[in-house]
>>> print(open('work-v6.cif').read())   # mmCIF, C-alpha atoms
data_my_file
loop_
_atom_site.group_PDB
_atom_site.id
_atom_site.type_symbol
_atom_site.label_atom_id
_atom_site.label_comp_id
_atom_site.auth_asym_id
_atom_site.auth_seq_id
_atom_site.Cartn_x
_atom_site.Cartn_y
_atom_site.Cartn_z
ATOM 1 C CA MET V 1 55.642 -116.912 119.184
ATOM 2 C CA ALA V 2 57.905 -114.458 117.341
ATOM 3 C CA GLU V 3 61.332 -113.713 118.742
ATOM 4 C CA ASN V 4 60.397 -110.075 119.109
ATOM 5 C CA THR V 5 57.488 -110.619 121.517
ATOM 6 C CA VAL V 6 57.649 -111.786 125.122
ATOM 7 C CA THR V 7 54.813 -112.290 127.591
ATOM 8 C CA VAL V 8 55.658 -111.657 131.258
ATOM 9 C CA THR V 9 53.668 -111.417 134.485
ATOM 10 C CA VAL V 10 53.994 -108.144 136.399
ATOM 11 C CA THR V 11 52.770 -107.967 139.994
ATOM 12 C CA TYR V 12 51.666 -104.501 141.109
ATOM 13 C CA GLY V 13 50.251 -104.340 144.635
ATOM 14 C CA THR V 14 47.740 -107.193 144.858
ATOM 15 C CA ALA V 15 47.120 -107.291 141.107
ATOM 16 C CA LYS V 16 48.898 -109.496 138.589
ATOM 17 C CA HIS V 17 49.062 -108.396 134.965
ATOM 18 C CA SER V 18 50.011 -110.544 131.998
ATOM 19 C CA ILE V 19 51.874 -108.182 129.691
ATOM 20 C CA ASN V 20 52.775 -108.854 126.085
ATOM 21 C CA VAL V 21 55.877 -106.877 125.091
ATOM 22 C CA ALA V 22 56.756 -106.354 121.445
ATOM 23 C CA GLY V 23 60.096 -105.099 120.152
ATOM 24 C CA GLN V 24 60.392 -102.320 117.567
ATOM 25 C CA GLU V 25 60.694 -103.332 113.897
ATOM 26 C CA ASN V 26 61.500 -106.996 114.483
ATOM 27 C CA GLN V 27 64.068 -106.108 117.140
ATOM 28 C CA GLU V 28 64.198 -107.875 120.470
ATOM 29 C CA PRO V 29 62.087 -106.061 123.137
ATOM 30 C CA LEU V 30 64.030 -103.597 125.292
ATOM 31 C CA LEU V 31 63.388 -102.661 128.916
ATOM 32 C CA LYS V 32 61.962 -99.398 127.534
ATOM 33 C CA ASP V 33 59.314 -101.376 125.557
ATOM 34 C CA LEU V 34 58.362 -103.282 128.712
ATOM 35 C CA ALA V 35 58.164 -100.084 130.799
ATOM 36 C CA GLU V 36 55.865 -98.455 128.214
ATOM 37 C CA ALA V 37 53.615 -101.535 128.097
ATOM 38 C CA VAL V 38 53.494 -101.598 131.914
ATOM 39 C CA ALA V 39 52.565 -97.890 131.974
ATOM 40 C CA GLY V 40 49.680 -98.579 129.578
ATOM 41 C CA VAL V 41 48.316 -101.413 131.725
ATOM 42 C CA THR V 42 48.925 -100.114 135.266
ATOM 43 C CA GLY V 43 48.797 -96.332 134.811
ATOM 44 C CA VAL V 44 52.191 -95.963 136.521
ATOM 45 C CA PRO V 45 54.225 -93.570 134.318
ATOM 46 C CA VAL V 46 57.639 -94.779 133.118
ATOM 47 C CA PRO V 47 59.661 -92.226 135.200
ATOM 48 C CA SER V 48 57.845 -93.395 138.383
ATOM 49 C CA GLN V 49 58.341 -97.118 137.752
ATOM 50 C CA LYS V 50 60.701 -99.370 139.632
ATOM 51 C CA LEU V 51 60.696 -102.769 137.917
ATOM 52 C CA ILE V 52 62.230 -105.566 139.975
ATOM 53 C CA PHE V 53 63.347 -108.921 138.604
ATOM 54 C CA LYS V 54 64.930 -111.574 140.854
ATOM 55 C CA GLY V 55 65.482 -108.965 143.564
ATOM 56 C CA LYS V 56 67.272 -106.525 141.249
ATOM 57 C CA SER V 57 65.954 -103.130 140.173
ATOM 58 C CA LEU V 58 66.157 -102.740 136.379
ATOM 59 C CA ARG V 59 67.456 -99.430 135.080
ATOM 60 C CA GLU V 60 69.122 -99.673 131.644
ATOM 61 C CA MET V 61 66.187 -98.713 129.403
ATOM 62 C CA ASP V 62 68.015 -99.497 126.141
ATOM 63 C CA GLN V 63 69.071 -102.982 127.249
ATOM 64 C CA PRO V 64 67.215 -105.940 125.682
ATOM 65 C CA LEU V 65 65.078 -107.959 128.094
ATOM 66 C CA SER V 66 67.206 -111.055 127.445
ATOM 67 C CA GLY V 67 70.177 -109.072 128.803
ATOM 68 C CA PHE V 68 68.480 -109.186 132.232
ATOM 69 C CA GLY V 69 67.621 -112.870 131.772
ATOM 70 C CA ILE V 70 63.951 -112.039 131.194
ATOM 71 C CA LYS V 71 62.226 -114.465 128.855
ATOM 72 C CA GLN V 72 58.768 -115.845 128.093
ATOM 73 C CA GLY V 73 56.701 -116.387 131.264
ATOM 74 C CA CYS V 74 59.056 -114.576 133.694
ATOM 75 C CA LYS V 75 57.628 -112.777 136.737
ATOM 76 C CA LEU V 76 58.490 -109.180 137.672
ATOM 77 C CA MET V 77 57.395 -106.837 140.400
ATOM 78 C CA LEU V 78 56.443 -103.184 139.950
ATOM 79 C CA ILE V 79 56.739 -100.456 142.555
ATOM 80 C CA GLY V 80 55.631 -96.922 141.771
ATOM 81 C CA LYS V 81 52.849 -94.399 142.101
ATOM 82 C CA ARG V 82 50.168 -93.833 139.524
ATOM 83 C CA ASN V 83 49.589 -90.335 138.220
ATOM 84 C CA SER V 84 47.120 -88.259 140.168
ATOM 85 C CA PRO V 85 43.601 -88.138 138.656
ATOM 86 C CA GLU V 86 44.288 -84.452 137.843
ATOM 87 C CA GLU V 87 47.369 -85.326 135.807
ATOM 88 C CA GLU V 88 45.531 -88.194 134.098
ATOM 89 C CA LEU V 89 42.870 -85.691 133.040
ATOM 90 C CA GLU V 90 45.496 -83.372 131.504
ATOM 91 C CA LEU V 91 47.191 -86.363 129.843
ATOM 92 C CA LYS V 92 43.868 -87.355 128.296
ATOM 93 C CA LYS V 93 43.522 -83.859 126.797
ATOM 94 C CA LEU V 94 47.018 -84.188 125.320
ATOM 95 C CA LYS V 95 46.189 -87.637 123.939
ATOM 96 C CA ASP V 96 43.070 -86.192 122.285
ATOM 97 C CA ILE V 97 45.213 -83.497 120.659
ATOM 98 C CA GLU V 98 47.678 -86.215 119.587
ATOM 99 C CA LYS V 99 44.862 -88.124 117.834
ATOM 100 C CA SER V 100 43.773 -84.977 115.990
ATOM 101 C CA VAL V 101 47.392 -84.292 115.009
ATOM 102 C CA GLU V 102 47.641 -87.820 113.552
ATOM 103 C CA GLN V 103 44.421 -87.332 111.554
ATOM 104 C CA THR V 104 45.606 -83.984 110.164
ATOM 105 C CA THR V 105 49.011 -85.509 109.336
ATOM 106 C CA LYS V 106 47.258 -88.228 107.289
ATOM 107 C CA LYS V 107 45.392 -85.533 105.333
ATOM 108 C CA LEU V 108 48.688 -83.785 104.679
ATOM 109 C CA GLU V 109 50.302 -87.031 103.467
ATOM 110 C CA LYS V 110 47.379 -87.454 101.062
ATOM 111 C CA VAL V 111 47.987 -83.976 99.627
ATOM 112 C CA ASP V 112 51.686 -84.774 99.277
ATOM 113 C CA GLY V 113 50.823 -87.983 97.398
ATOM 114 C CA GLU V 114 48.436 -86.156 95.074
ATOM 115 C CA LEU V 115 51.066 -83.491 94.374
ATOM 116 C CA THR V 116 53.559 -86.216 93.419
ATOM 117 C CA GLY V 117 50.907 -87.658 91.113
ATOM 118 C CA LEU V 118 50.442 -84.274 89.430
ATOM 119 C CA LYS V 119 54.189 -83.847 88.997
ATOM 120 C CA ASN V 120 54.278 -87.267 87.350
ATOM 121 C CA GLY V 121 51.653 -86.114 84.877
ATOM 122 C CA PHE V 122 48.679 -88.108 86.183
ATOM 123 C CA LEU V 123 46.339 -85.289 85.199
ATOM 124 C CA ALA V 124 45.773 -83.465 81.939
ATOM 125 C CA LYS V 125 47.894 -80.307 81.748
ATOM 126 C CA ASP V 126 44.884 -77.977 81.403
ATOM 127 C CA LEU V 127 43.376 -79.316 84.659
ATOM 128 C CA GLN V 128 46.536 -79.107 86.722
ATOM 129 C CA ALA V 129 46.414 -75.431 87.752
ATOM 130 C CA GLU V 130 42.952 -75.822 89.266
ATOM 131 C CA ALA V 131 43.981 -79.049 91.027
ATOM 132 C CA LEU V 132 47.104 -77.367 92.425
ATOM 133 C CA ASN V 133 45.072 -74.455 93.785
ATOM 134 C CA LYS V 134 42.785 -76.920 95.572
ATOM 135 C CA LEU V 135 45.787 -78.745 97.032
ATOM 136 C CA ASP V 136 47.168 -75.399 98.183
ATOM 137 C CA GLN V 137 43.904 -74.682 100.031
ATOM 138 C CA ARG V 138 44.092 -78.065 101.754
ATOM 139 C CA VAL V 139 47.698 -77.528 102.864
ATOM 140 C CA LYS V 140 46.813 -74.098 104.255
ATOM 141 C CA GLY V 141 43.876 -75.693 106.099
ATOM 142 C CA ALA V 142 46.185 -78.333 107.610
ATOM 143 C CA ALA V 143 48.737 -75.681 108.619
ATOM 144 C CA GLU V 144 45.943 -73.711 110.331
ATOM 145 C CA GLN V 145 44.926 -76.847 112.259
ATOM 146 C CA PHE V 146 48.520 -77.451 113.371
ATOM 147 C CA MET V 147 48.782 -73.834 114.579
ATOM 148 C CA LYS V 148 45.567 -74.336 116.580
ATOM 149 C CA PHE V 149 47.045 -77.440 118.229
ATOM 150 C CA LEU V 150 50.123 -75.430 119.239
ATOM 151 C CA GLU V 151 47.892 -72.703 120.693
ATOM 152 C CA GLN V 152 45.851 -75.298 122.627
ATOM 153 C CA MET V 153 49.015 -76.798 124.122
ATOM 154 C CA ASP V 154 50.448 -73.385 124.855
ATOM 155 C CA ALA V 155 47.336 -72.509 126.850
ATOM 156 C CA MET V 156 47.735 -75.597 129.076
ATOM 157 C CA THR V 157 49.504 -74.997 132.380
ATOM 158 C CA PHE V 158 50.855 -77.874 134.435
ATOM 159 C CA PRO V 159 52.071 -77.937 138.048
ATOM 160 C CA GLU V 160 55.778 -78.690 138.529
ATOM 161 C CA ASN V 161 55.184 -82.352 139.401
ATOM 162 C CA PHE V 162 53.200 -83.204 136.223
ATOM 163 C CA ASN V 163 56.315 -84.660 134.582
ATOM 164 C CA ASP V 164 54.411 -87.017 132.289
ATOM 165 C CA CYS V 165 52.317 -84.148 130.925
ATOM 166 C CA ARG V 166 55.376 -81.983 130.387
ATOM 167 C CA MET V 167 57.183 -84.730 128.483
ATOM 168 C CA LYS V 168 54.107 -85.576 126.426
ATOM 169 C CA ARG V 169 53.548 -81.937 125.491
ATOM 170 C CA LYS V 170 57.211 -81.406 124.603
ATOM 171 C CA GLY V 171 57.123 -84.405 122.235
ATOM 172 C CA LEU V 172 53.828 -83.319 120.688
ATOM 173 C CA VAL V 173 55.035 -79.759 120.114
ATOM 174 C CA LYS V 174 58.076 -81.158 118.268
ATOM 175 C CA THR V 175 55.814 -83.361 116.126
ATOM 176 C CA VAL V 176 53.524 -80.455 115.244
ATOM 177 C CA GLN V 177 56.492 -78.216 114.386
ATOM 178 C CA ALA V 178 57.806 -80.926 112.043
ATOM 179 C CA CYS V 179 54.343 -81.109 110.427
ATOM 180 C CA LEU V 180 54.314 -77.332 109.920
ATOM 181 C CA ALA V 181 57.728 -77.575 108.244
ATOM 182 C CA GLN V 182 56.250 -80.286 105.989
ATOM 183 C CA CYS V 183 53.323 -77.943 105.145
ATOM 184 C CA ASP V 184 55.833 -75.271 104.066
ATOM 185 C CA LYS V 185 57.700 -77.822 101.950
ATOM 186 C CA ILE V 186 54.509 -78.999 100.207
ATOM 187 C CA GLU V 187 53.358 -75.399 99.644
ATOM 188 C CA ALA V 188 56.719 -74.604 98.062
ATOM 189 C CA GLY V 189 56.335 -77.694 95.846
ATOM 190 C CA ILE V 190 52.869 -76.551 94.769
ATOM 191 C CA SER V 191 54.046 -72.998 93.923
ATOM 192 C CA ASP V 192 57.017 -74.432 92.088
ATOM 193 C CA HIS V 193 54.855 -76.717 89.950
ATOM 194 C CA LEU V 194 52.324 -73.933 89.296
ATOM 195 C CA ALA V 195 55.113 -71.652 88.118
ATOM 196 C CA LYS V 196 56.363 -74.377 85.754
ATOM 197 C CA ILE V 197 52.895 -74.893 84.275
ATOM 198 C CA GLN V 198 52.367 -71.162 83.847
ATOM 199 C CA SER V 199 55.714 -70.644 82.140
ATOM 200 C CA LYS V 200 54.954 -73.588 79.775
ATOM 201 C CA ASN V 201 51.538 -72.122 79.015
ATOM 202 C CA LEU V 202 53.124 -68.754 78.264
ATOM 203 C CA ALA V 203 55.667 -70.401 75.990
ATOM 204 C CA LEU V 204 52.846 -72.193 74.149
ATOM 205 C CA ALA V 205 50.858 -68.957 73.859
ATOM 206 C CA GLU V 206 53.815 -67.263 72.230
#
>>> encode(input="work-v6.cif", output="structure tokens")
Amino acid sequence: MAENTVTVTVTYGTAKHSINVAGQENQEPLLKDLAEAVAGVTGVPVPSQKLIFKGKSLREMDQPLSGFGIKQGCKLMLIGKRNSPEEELELKKLKDIEKSVEQTTKKLEKVDGELTGLKNGFLAKDLQAEALNKLDQRVKGAAEQFMKFLEQMDAMTFPENFNDCRMKRKGLVKTVQACLAQCDKIEAGISDHLAKIQSKNLALAE
């Protein structure tokens, strides 16, 4: 088994869960990685978790598991309350939005790749203007989608104690804002390239 994955047993109430924890980018797993894996399996959100190993409550989220002496096959105990069904419902809505955001981001990346291709001359000069206009339409479509996601999230209201929902929404809003900035950047790149083509065409015409 790779150094960056550890399997531990977590007891929660009467249930025992075998949890496989992977570290980020070949790094050793941190307590944070374990807490997120535990949240996925048990439904107890990270802020509500109290993970206990050998009678000690673990707190330092950025500490590697080996720093606590946790290795393959170790047993931990979890104390904490699951989210209410109401909060889980709101979280599911946010996760659905997150999926749509990821799909739209992929479309945007595709446009960005095609624009790079055009700049590198992968298309005959006389076809480029039309191709750029189509790319521009697609970027505008993606930007519209991102704005809709922001509106959807803005319309959601959470009670004070829905901390997981609040954190999830905050992170998603940041992601969408970054995507909108990327849309602007790609649009600017398209206009820039169009202007270059047009000025070359004018020069040729003269």
>>> atom_distance(input="work-v6.cif", atom1="atom CA of Met147 of chain V", atom2="atom CA of Pro45 of chain V")
28.4 Å
>>> residues_around(input="work-v6.cif", residues="Leu58 of chain V", least_positions_apart="6", cutoff="9 Å", atoms="all atoms listed in the file", output="PyMOL selection string")
chain V and resi 31+50-52+68
>>> atom_distance(input="work-v6.cif", atom1="atom CA of Gln27 of chain V", atom2="atom CA of Pro64 of chain V")
9.1 Å
>>> resolve_selection(input="work-v6.cif", expression="the PyMOL selection byres ((chain V and resi 189) around 12)", output="number ranges by chain")
V: 111-116, 118-119, 132-133, 135-136, 139, 182-188, 190-196
>>> write_last_selection(input="work-v6.cif", atoms="C-alpha atoms", output="PDB file, in the coordinates of the input")
ATOM      1  CA  VAL V 111      47.987 -83.976  99.627  1.00  0.00           C
ATOM      2  CA  ASP V 112      51.686 -84.774  99.277  1.00  0.00           C
ATOM      3  CA  GLY V 113      50.823 -87.983  97.398  1.00  0.00           C
ATOM      4  CA  GLU V 114      48.436 -86.156  95.074  1.00  0.00           C
ATOM      5  CA  LEU V 115      51.066 -83.491  94.374  1.00  0.00           C
ATOM      6  CA  THR V 116      53.559 -86.216  93.419  1.00  0.00           C
ATOM      7  CA  LEU V 118      50.442 -84.274  89.430  1.00  0.00           C
ATOM      8  CA  LYS V 119      54.189 -83.847  88.997  1.00  0.00           C
ATOM      9  CA  LEU V 132      47.104 -77.367  92.425  1.00  0.00           C
ATOM     10  CA  ASN V 133      45.072 -74.455  93.785  1.00  0.00           C
ATOM     11  CA  LEU V 135      45.787 -78.745  97.032  1.00  0.00           C
ATOM     12  CA  ASP V 136      47.168 -75.399  98.183  1.00  0.00           C
ATOM     13  CA  VAL V 139      47.698 -77.528 102.864  1.00  0.00           C
ATOM     14  CA  GLN V 182      56.250 -80.286 105.989  1.00  0.00           C
ATOM     15  CA  CYS V 183      53.323 -77.943 105.145  1.00  0.00           C
ATOM     16  CA  ASP V 184      55.833 -75.271 104.066  1.00  0.00           C
ATOM     17  CA  LYS V 185      57.700 -77.822 101.950  1.00  0.00           C
ATOM     18  CA  ILE V 186      54.509 -78.999 100.207  1.00  0.00           C
ATOM     19  CA  GLU V 187      53.358 -75.399  99.644  1.00  0.00           C
ATOM     20  CA  ALA V 188      56.719 -74.604  98.062  1.00  0.00           C
ATOM     21  CA  ILE V 190      52.869 -76.551  94.769  1.00  0.00           C
ATOM     22  CA  SER V 191      54.046 -72.998  93.923  1.00  0.00           C
ATOM     23  CA  ASP V 192      57.017 -74.432  92.088  1.00  0.00           C
ATOM     24  CA  HIS V 193      54.855 -76.717  89.950  1.00  0.00           C
ATOM     25  CA  LEU V 194      52.324 -73.933  89.296  1.00  0.00           C
ATOM     26  CA  ALA V 195      55.113 -71.652  88.118  1.00  0.00           C
ATOM     27  CA  LYS V 196      56.363 -74.377  85.754  1.00  0.00           C
TER      28      LYS V 196
END
>>> closest_residue(input="work-v6.cif", among="V:Gln24, V:Gln152, V:Ser199, V:Asn4", to="Leu172 of chain V", atoms="only C-alpha atoms")
V:Gln152
>>> resolve_selection(input="work-v6.cif", expression="the PyMOL selection byres ((chain V and resi 54) around 9)", output="JSON, numbers by chain")
{"V": [52, 53, 55, 56, 57, 75, 76, 77]}
>>> resolve_selection(input="work-v6.cif", expression="the PyMOL selection byres ((chain V and resi 82-89) around 12)", output="PyMOL selection string")
chain V and resi 12-13+38-50+78-81+90-96+156-166+168
>>> build_atoms(input="work-v6.cif", residues="segment 135-159 of chain V", atoms="N, CA and C atoms", output="JSON list (two decimals), keeping the file's coordinate frame")
[["chain", "number", "residue", "atom", "x", "y", "z"],
["V", 135, "LEU", "N", 44.82, -78.13, 96.11],
["V", 135, "LEU", "CA", 45.79, -78.74, 97.03],
["V", 135, "LEU", "C", 46.35, -77.68, 97.97],
["V", 136, "ASP", "N", 46.61, -76.50, 97.39],
["V", 136, "ASP", "CA", 47.17, -75.40, 98.18],
["V", 136, "ASP", "C", 46.22, -75.03, 99.32],
["V", 137, "GLN", "N", 44.92, -74.99, 99.00],
["V", 137, "GLN", "CA", 43.90, -74.68, 100.03],
["V", 137, "GLN", "C", 43.95, -75.72, 101.15],
["V", 138, "ARG", "N", 44.08, -77.00, 100.75],
["V", 138, "ARG", "CA", 44.09, -78.06, 101.75],
["V", 138, "ARG", "C", 45.34, -77.99, 102.65],
["V", 139, "VAL", "N", 46.47, -77.65, 102.06],
["V", 139, "VAL", "CA", 47.70, -77.53, 102.86],
["V", 139, "VAL", "C", 47.55, -76.37, 103.85],
["V", 140, "LYS", "N", 47.00, -75.26, 103.37],
["V", 140, "LYS", "CA", 46.81, -74.10, 104.26],
["V", 140, "LYS", "C", 45.86, -74.46, 105.40],
["V", 141, "GLY", "N", 44.83, -75.24, 105.07],
["V", 141, "GLY", "CA", 43.88, -75.69, 106.10],
["V", 141, "GLY", "C", 44.58, -76.54, 107.15],
["V", 142, "ALA", "N", 45.44, -77.45, 106.69],
["V", 142, "ALA", "CA", 46.18, -78.33, 107.61],
["V", 142, "ALA", "C", 47.12, -77.49, 108.48],
["V", 143, "ALA", "N", 47.80, -76.53, 107.86],
["V", 143, "ALA", "CA", 48.74, -75.68, 108.62],
["V", 143, "ALA", "C", 47.99, -74.91, 109.70],
["V", 144, "GLU", "N", 46.78, -74.43, 109.35],
["V", 144, "GLU", "CA", 45.94, -73.71, 110.33],
["V", 144, "GLU", "C", 45.60, -74.61, 111.53],
["V", 145, "GLN", "N", 45.24, -75.87, 111.20],
["V", 145, "GLN", "CA", 44.93, -76.85, 112.26],
["V", 145, "GLN", "C", 46.13, -77.05, 113.18],
["V", 146, "PHE", "N", 47.31, -77.23, 112.58],
["V", 146, "PHE", "CA", 48.52, -77.45, 113.37],
["V", 146, "PHE", "C", 48.81, -76.25, 114.28],
["V", 147, "MET", "N", 48.57, -75.04, 113.76],
["V", 147, "MET", "CA", 48.78, -73.83, 114.58],
["V", 147, "MET", "C", 47.81, -73.83, 115.76],
["V", 148, "LYS", "N", 46.57, -74.27, 115.50],
["V", 148, "LYS", "CA", 45.57, -74.34, 116.58],
["V", 148, "LYS", "C", 46.01, -75.30, 117.67],
["V", 149, "PHE", "N", 46.57, -76.46, 117.24],
["V", 149, "PHE", "CA", 47.04, -77.44, 118.23],
["V", 149, "PHE", "C", 48.14, -76.83, 119.10],
["V", 150, "LEU", "N", 49.04, -76.07, 118.47],
["V", 150, "LEU", "CA", 50.12, -75.43, 119.24],
["V", 150, "LEU", "C", 49.54, -74.44, 120.24],
["V", 151, "GLU", "N", 48.53, -73.67, 119.79],
["V", 151, "GLU", "CA", 47.89, -72.70, 120.69],
["V", 151, "GLU", "C", 47.22, -73.40, 121.87],
["V", 152, "GLN", "N", 46.53, -74.53, 121.56],
["V", 152, "GLN", "CA", 45.85, -75.30, 122.63],
["V", 152, "GLN", "C", 46.87, -75.76, 123.68],
["V", 153, "MET", "N", 48.01, -76.28, 123.19],
["V", 153, "MET", "CA", 49.02, -76.80, 124.12],
["V", 153, "MET", "C", 49.68, -75.67, 124.90],
["V", 154, "ASP", "N", 49.82, -74.55, 124.22],
["V", 154, "ASP", "CA", 50.45, -73.39, 124.86],
["V", 154, "ASP", "C", 49.59, -72.86, 126.00],
["V", 155, "ALA", "N", 48.28, -73.02, 125.83],
["V", 155, "ALA", "CA", 47.34, -72.51, 126.85],
["V", 155, "ALA", "C", 47.26, -73.43, 128.07],
["V", 156, "MET", "N", 47.81, -74.65, 127.95],
["V", 156, "MET", "CA", 47.74, -75.60, 129.08],
["V", 156, "MET", "C", 48.84, -75.30, 130.09],
["V", 157, "THR", "N", 48.47, -75.21, 131.36],
["V", 157, "THR", "CA", 49.50, -75.00, 132.38],
["V", 157, "THR", "C", 49.51, -76.19, 133.33],
["V", 158, "PHE", "N", 50.71, -76.70, 133.57],
["V", 158, "PHE", "CA", 50.86, -77.87, 134.44],
["V", 158, "PHE", "C", 51.64, -77.53, 135.69],
["V", 159, "PRO", "N", 51.24, -78.09, 136.84],
["V", 159, "PRO", "CA", 52.07, -77.94, 138.05],
["V", 159, "PRO", "C", 53.44, -78.59, 137.82]]
